[in-house]
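Here's the structure, in structure tokens; my notes come after.
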Amino acid sequence: AQAAYRVAVCNEIGAGTKRDLSRALAFYRKAAALGDTAAMYKLGMILLHGTLGEARNPREAVGWLRRAAEQADEENPHALHELALLHEMPTGQYVPYDPYRAKELLTRAAQLGYTQSQYKLAQCYEYGTLGCPVDPRRSIGWYTKAAEKGNSEAELALSGWYLTGSEGVLVQSDSEAYLWARRAANKGLSKAEYAVGYYAEI
């Protein structure tokens with residue numbers, strides 16, 4: 001399964017062979033059918049968005065994403081995150097609208113170390129969305145995990161928390177606020193570049 005997945009990637013990007021999208025798709029399908037988690041996720045995303053010259057097929061896409069999510073691990077947490085985003089859509093286009101299911105999937109991905117899910121979950125606890133209570137401790141905890149792994153959005157959010165502080169959770173610190181904003185700005189995050197300019201002014 002892994003070999004088929006590698007062949008698919010090589011065909012998609014043209015590494016060591018000429019770029020051949022239909023061959024790439026065929027090998028993604030083969031690897032997914034053989035149970036490769038990364039291939040299931042990739043195939044799900046191809047069918048969801050209609051890439052690699054394939055027509056969109058949301059129903060089949062969700063099926064593959066669900067299978068990938070069932071066997072998600074630290075190397076392959078992505079399907080959990082994508083399914084969470086689908087459950088979060090109020091239109092419920094491809095899966096039923098279910099904020100609690102979205103939260104559950106995000107939490108699983110965050111616990112596997114996926115920084116995008118950690119950042120999103122931190123937001124949920126900051127603003128009280130997806131059935132999460134407003135909980136500064138949890139919000140700061142998840143932002144910190146994602147920021148320490150270099151997620152620029154989380155670095156900027158953490159900067160914001162340090163700017164205001166949170167009673168009993170986080171001591172206010174202008175220097176920490178500035179440092180986290182700079183880390184995000186150094187990655188080219190424009191909002192963070194603005195924040196650094198603002199901090200420099202005050």
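Residues are named by chain letter and number: chains run A, B, ... in the order of the structure tokens, numbers start at 1 in each chain, and ligands are numbered from 1 in the order shown.
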Need to verify the contact set: segment 187-195 of chain A, 8 Å, only C-alpha atoms, exclusion of same-chain residues closer than 3 positions in sequence. Can you return it as a VMD selection string? chain A and resid 152 to 153 156 181 to 184 198 to 199
With only C-alpha atoms as the counted atoms, please give the residues lying no more than 8 Å from segment 113-121 of chain A, apart from itself and same-chain residues fewer than 6 positions off, as a ChimeraX atom specification. /A:74,77-78,81,103,106-107,139,142-143,145-146,149,151,153-154
Neighbours of Glu75 of chain A within 12 Å (only C-alpha atoms; same-chain residues fewer than 5 positions away dropped), as a list in words? Asp36, Thr37, Ala38, Tyr41, Ala68, Ala69, Ala109, Leu112, Gly113 and Tyr114 of chain A
Please write the residues from the selection above to a file, keeping all heavy atoms, as a PDB file, in the first residue's frame.
```pdb
ATOM      1  N   ASP A  36      -4.036   2.172   2.936  1.00  0.00           N
ATOM      2  CA  ASP A  36      -3.066   3.201   3.304  1.00  0.00           C
ATOM      3  C   ASP A  36      -3.805   4.472   3.741  1.00  0.00           C
ATOM      4  O   ASP A  36      -4.563   5.054   2.965  1.00  0.00           O
ATOM      5  CB  ASP A  36      -2.132   3.498   2.121  1.00  0.00           C
ATOM      6  CG  ASP A  36      -1.036   4.476   2.491  1.00  0.00           C
ATOM      7  OD1 ASP A  36       0.000   4.022   2.998  1.00  0.00           O
ATOM      8  OD2 ASP A  36      -1.232   5.691   2.306  1.00  0.00           O
ATOM      9  N   THR A  37      -3.569   4.911   4.985  1.00  0.00           N
ATOM     10  CA  THR A  37      -4.306   6.052   5.552  1.00  0.00           C
ATOM     11  C   THR A  37      -4.069   7.334   4.772  1.00  0.00           C
ATOM     12  O   THR A  37      -5.013   8.065   4.470  1.00  0.00           O
ATOM     13  CB  THR A  37      -3.894   6.275   7.030  1.00  0.00           C
ATOM     14  OG1 THR A  37      -3.924   5.026   7.706  1.00  0.00           O
ATOM     15  CG2 THR A  37      -4.841   7.221   7.736  1.00  0.00           C
ATOM     16  N   ALA A  38      -2.802   7.612   4.448  1.00  0.00           N
ATOM     17  CA  ALA A  38      -2.480   8.846   3.711  1.00  0.00           C
ATOM     18  C   ALA A  38      -3.160   8.858   2.349  1.00  0.00           C
ATOM     19  O   ALA A  38      -3.650   9.898   1.894  1.00  0.00           O
ATOM     20  CB  ALA A  38      -0.966   8.982   3.558  1.00  0.00           C
ATOM     21  N   TYR A  41      -6.905   9.627   2.710  1.00  0.00           N
ATOM     22  CA  TYR A  41      -7.098  11.070   2.917  1.00  0.00           C
ATOM     23  C   TYR A  41      -6.927  11.826   1.600  1.00  0.00           C
ATOM     24  O   TYR A  41      -7.762  12.648   1.226  1.00  0.00           O
ATOM     25  CB  TYR A  41      -6.108  11.592   3.969  1.00  0.00           C
ATOM     26  CG  TYR A  41      -5.973  13.091   3.966  1.00  0.00           C
ATOM     27  CD1 TYR A  41      -7.010  13.907   4.430  1.00  0.00           C
ATOM     28  CD2 TYR A  41      -4.824  13.709   3.480  1.00  0.00           C
ATOM     29  CE1 TYR A  41      -6.903  15.289   4.402  1.00  0.00           C
ATOM     30  CE2 TYR A  41      -4.710  15.090   3.454  1.00  0.00           C
ATOM     31  CZ  TYR A  41      -5.747  15.877   3.917  1.00  0.00           C
ATOM     32  OH  TYR A  41      -5.641  17.238   3.878  1.00  0.00           O
ATOM     33  N   ALA A  68     -10.176   7.121   6.593  1.00  0.00           N
ATOM     34  CA  ALA A  68      -8.859   7.636   7.002  1.00  0.00           C
ATOM     35  C   ALA A  68      -8.904   8.119   8.449  1.00  0.00           C
ATOM     36  O   ALA A  68      -7.953   7.910   9.216  1.00  0.00           O
ATOM     37  CB  ALA A  68      -8.420   8.775   6.082  1.00  0.00           C
ATOM     38  N   ALA A  69     -10.015   8.749   8.830  1.00  0.00           N
ATOM     39  CA  ALA A  69     -10.158   9.263  10.201  1.00  0.00           C
ATOM     40  C   ALA A  69     -10.192   8.129  11.220  1.00  0.00           C
ATOM     41  O   ALA A  69      -9.658   8.251  12.315  1.00  0.00           O
ATOM     42  CB  ALA A  69     -11.420  10.115  10.311  1.00  0.00           C
ATOM     43  N   ALA A 109      -7.707  15.095  16.638  1.00  0.00           N
ATOM     44  CA  ALA A 109      -6.580  15.523  15.804  1.00  0.00           C
ATOM     45  C   ALA A 109      -5.585  16.354  16.609  1.00  0.00           C
ATOM     46  O   ALA A 109      -4.367  16.204  16.464  1.00  0.00           O
ATOM     47  CB  ALA A 109      -7.083  16.317  14.603  1.00  0.00           C
ATOM     48  N   LEU A 112      -3.419  14.290  18.668  1.00  0.00           N
ATOM     49  CA  LEU A 112      -2.398  13.614  17.851  1.00  0.00           C
ATOM     50  C   LEU A 112      -1.285  14.585  17.426  1.00  0.00           C
ATOM     51  O   LEU A 112      -0.357  14.199  16.724  1.00  0.00           O
ATOM     52  CB  LEU A 112      -3.042  12.988  16.605  1.00  0.00           C
ATOM     53  CG  LEU A 112      -3.905  11.739  16.842  1.00  0.00           C
ATOM     54  CD1 LEU A 112      -4.674  11.367  15.591  1.00  0.00           C
ATOM     55  CD2 LEU A 112      -3.049  10.562  17.309  1.00  0.00           C
ATOM     56  N   GLY A 113      -1.423  15.851  17.848  1.00  0.00           N
ATOM     57  CA  GLY A 113      -0.366  16.826  17.589  1.00  0.00           C
ATOM     58  C   GLY A 113      -0.539  17.661  16.338  1.00  0.00           C
ATOM     59  O   GLY A 113       0.389  18.344  15.910  1.00  0.00           O
ATOM     60  N   TYR A 114      -1.740  17.615  15.716  1.00  0.00           N
ATOM     61  CA  TYR A 114      -1.958  18.370  14.476  1.00  0.00           C
ATOM     62  C   TYR A 114      -2.170  19.846  14.825  1.00  0.00           C
ATOM     63  O   TYR A 114      -3.172  20.210  15.440  1.00  0.00           O
ATOM     64  CB  TYR A 114      -3.159  17.789  13.734  1.00  0.00           C
ATOM     65  CG  TYR A 114      -3.302  18.282  12.315  1.00  0.00           C
ATOM     66  CD1 TYR A 114      -2.212  18.314  11.451  1.00  0.00           C
ATOM     67  CD2 TYR A 114      -4.529  18.709  11.827  1.00  0.00           C
ATOM     68  CE1 TYR A 114      -2.342  18.758  10.135  1.00  0.00           C
ATOM     69  CE2 TYR A 114      -4.675  19.147  10.515  1.00  0.00           C
ATOM     70  CZ  TYR A 114      -3.567  19.171   9.683  1.00  0.00           C
ATOM     71  OH  TYR A 114      -3.707  19.613   8.381  1.00  0.00           O
TER      72      TYR A 114
END
```
Mind checking which residues fall within 9 Å of Leu65 of chain A, counting only C-alpha atoms, ignoring those fewer than 5 positions away in the same chain, and posting them as JSON, numbers by chain? {"A": [40, 41, 42, 43, 44, 45, 60, 70, 78, 79, 80, 82, 83]}
Just want the 12 Å neighbourhood of segment 50-52 of chain A, counted on only C-alpha atoms, with same-chain residues fewer than 2 positions away dropped. Output as a list in words. Ala8, Val9, Asn11, Glu12, Ile13, Arg19, Asp20, Leu21, Ser22, Arg23, Ala24, Leu25, Ala26, Tyr28, Lys42, Leu43, Gly44, Met45, Ile46, Leu47, Leu48, Glu54, Ala55, Arg56, Asn57, Pro58, Glu60 and Ala61 of chain A
How would the residues just chosen look if you wrote them out with N, CA, C and O atoms as a CSV table (one decimal), in the first residue's frame?
```csv
chain,number,residue,atom,x,y,z
A,8,ALA,N,2.1,7.0,-6.6
A,8,ALA,CA,1.1,8.0,-6.9
A,8,ALA,C,1.7,9.4,-6.7
A,8,ALA,O,1.5,10.3,-7.6
A,9,VAL,N,2.4,9.6,-5.6
A,9,VAL,CA,2.9,11.0,-5.3
A,9,VAL,C,3.9,11.3,-6.4
A,9,VAL,O,3.9,12.4,-7.0
A,11,ASN,N,4.0,10.3,-9.5
A,11,ASN,CA,3.3,10.6,-10.8
A,11,ASN,C,2.6,12.0,-10.7
A,11,ASN,O,2.5,12.7,-11.7
A,12,GLU,N,2.2,12.3,-9.5
A,12,GLU,CA,1.5,13.6,-9.3
A,12,GLU,C,2.4,14.8,-9.5
A,12,GLU,O,2.1,15.8,-10.1
A,13,ILE,N,3.6,14.7,-8.9
A,13,ILE,CA,4.5,15.8,-8.9
A,13,ILE,C,5.6,15.7,-10.0
A,13,ILE,O,6.4,16.6,-10.2
A,19,ARG,N,5.1,13.7,-15.3
A,19,ARG,CA,3.8,14.0,-14.5
A,19,ARG,C,2.7,13.3,-15.2
A,19,ARG,O,2.5,13.5,-16.4
A,20,ASP,N,1.9,12.5,-14.5
A,20,ASP,CA,0.8,11.8,-15.1
A,20,ASP,C,-0.3,11.7,-14.1
A,20,ASP,O,-0.3,10.8,-13.2
A,21,LEU,N,-1.2,12.6,-14.2
A,21,LEU,CA,-2.3,12.7,-13.2
A,21,LEU,C,-3.2,11.5,-13.1
A,21,LEU,O,-3.7,11.1,-12.1
A,22,SER,N,-3.6,11.0,-14.3
A,22,SER,CA,-4.5,9.9,-14.3
A,22,SER,C,-3.8,8.6,-13.7
A,22,SER,O,-4.5,7.9,-12.9
A,23,ARG,N,-2.5,8.5,-13.9
A,23,ARG,CA,-1.8,7.4,-13.3
A,23,ARG,C,-1.7,7.6,-11.8
A,23,ARG,O,-1.8,6.7,-11.0
A,24,ALA,N,-1.4,8.9,-11.4
A,24,ALA,CA,-1.3,9.2,-10.0
A,24,ALA,C,-2.7,8.8,-9.3
A,24,ALA,O,-2.7,8.2,-8.2
A,25,LEU,N,-3.8,9.2,-9.9
A,25,LEU,CA,-5.1,8.9,-9.3
A,25,LEU,C,-5.3,7.4,-9.2
A,25,LEU,O,-5.8,6.9,-8.1
A,26,ALA,N,-4.9,6.7,-10.2
A,26,ALA,CA,-5.1,5.2,-10.2
A,26,ALA,C,-4.3,4.6,-9.0
A,26,ALA,O,-4.8,3.7,-8.3
A,28,TYR,N,-3.3,6.3,-6.2
A,28,TYR,CA,-4.0,6.7,-5.0
A,28,TYR,C,-5.1,5.8,-4.6
A,28,TYR,O,-5.3,5.3,-3.5
A,42,LYS,N,-5.8,11.5,0.9
A,42,LYS,CA,-5.5,12.2,-0.4
A,42,LYS,C,-6.7,12.0,-1.4
A,42,LYS,O,-7.1,12.9,-2.0
A,43,LEU,N,-7.1,10.7,-1.5
A,43,LEU,CA,-8.2,10.4,-2.4
A,43,LEU,C,-9.5,11.2,-2.0
A,43,LEU,O,-10.2,11.7,-2.9
A,44,GLY,N,-9.8,11.2,-0.7
A,44,GLY,CA,-10.9,12.0,-0.2
A,44,GLY,C,-10.9,13.4,-0.6
A,44,GLY,O,-11.9,14.0,-1.1
A,45,MET,N,-9.7,14.0,-0.5
A,45,MET,CA,-9.6,15.5,-0.8
A,45,MET,C,-9.7,15.7,-2.3
A,45,MET,O,-10.2,16.7,-2.8
A,46,ILE,N,-9.1,14.8,-3.1
A,46,ILE,CA,-9.2,14.9,-4.6
A,46,ILE,C,-10.6,14.8,-5.0
A,46,ILE,O,-11.1,15.7,-5.8
A,47,LEU,N,-11.4,13.9,-4.5
A,47,LEU,CA,-12.8,13.8,-4.8
A,47,LEU,C,-13.7,14.9,-4.3
A,47,LEU,O,-14.7,15.3,-4.9
A,48,LEU,N,-13.3,15.4,-3.1
A,48,LEU,CA,-14.0,16.5,-2.5
A,48,LEU,C,-13.9,17.8,-3.3
A,48,LEU,O,-14.9,18.5,-3.5
A,54,GLU,N,-10.1,14.9,-11.9
A,54,GLU,CA,-11.2,14.0,-11.5
A,54,GLU,C,-12.4,14.9,-11.2
A,54,GLU,O,-12.3,16.0,-10.6
A,55,ALA,N,-13.6,14.4,-11.5
A,55,ALA,CA,-14.9,15.1,-11.2
A,55,ALA,C,-15.1,15.1,-9.7
A,55,ALA,O,-14.7,14.1,-9.0
A,56,ARG,N,-15.8,16.1,-9.2
A,56,ARG,CA,-16.1,16.1,-7.7
A,56,ARG,C,-17.1,15.0,-7.4
A,56,ARG,O,-18.0,14.8,-8.2
A,57,ASN,N,-16.8,14.3,-6.3
A,57,ASN,CA,-17.7,13.3,-5.9
A,57,ASN,C,-17.8,13.3,-4.3
A,57,ASN,O,-17.1,12.5,-3.7
A,58,PRO,N,-18.5,14.3,-3.8
A,58,PRO,CA,-18.5,14.5,-2.3
A,58,PRO,C,-18.9,13.2,-1.5
A,58,PRO,O,-18.3,13.0,-0.5
A,60,GLU,N,-18.5,10.0,-2.2
A,60,GLU,CA,-17.4,9.1,-2.1
A,60,GLU,C,-16.2,9.7,-1.3
A,60,GLU,O,-15.5,9.0,-0.5
A,61,ALA,N,-16.0,11.0,-1.5
A,61,ALA,CA,-15.0,11.7,-0.7
A,61,ALA,C,-15.1,11.5,0.8
A,61,ALA,O,-14.2,11.2,1.5
```
Chain A: which residues are alpha helix (DSSP H) by DSSP, as a ChimeraX atom specification? /A:2-13,21-33,37-49,58-70,78-88,99-111,115-127,136-148,152-164,174-186,190-201
Compile the contact shell of segment 87-101 of chain A as a PyMOL selection string: residues with an atom at most 8 Å away, counting only C-alpha atoms, same-chain residues fewer than 5 positions apart removed. chain A and resi 58-59+62+130-131
Atom-to-atom span, atom CA of Ala84 of chain A and atom CA of Leu105 of chain A, Å: 5.5 Å
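Shortest atom-to-atom contact with Gln2 of chain A among A:Cys132, A:Ala185, A:Ala39, A:Ala15: A:Ala39, counting only C-alpha atoms.
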Contacts of Ser173 of chain A at 8 Å (only C-alpha atoms; same-chain gap of 6+ positions) as JSON, numbers by chain: {"A": [162, 163, 164, 165]}
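Taking atom CA of Cys124 of chain A as the reference point, atom CA of Pro136 of chain A is found at 10.2 Å.
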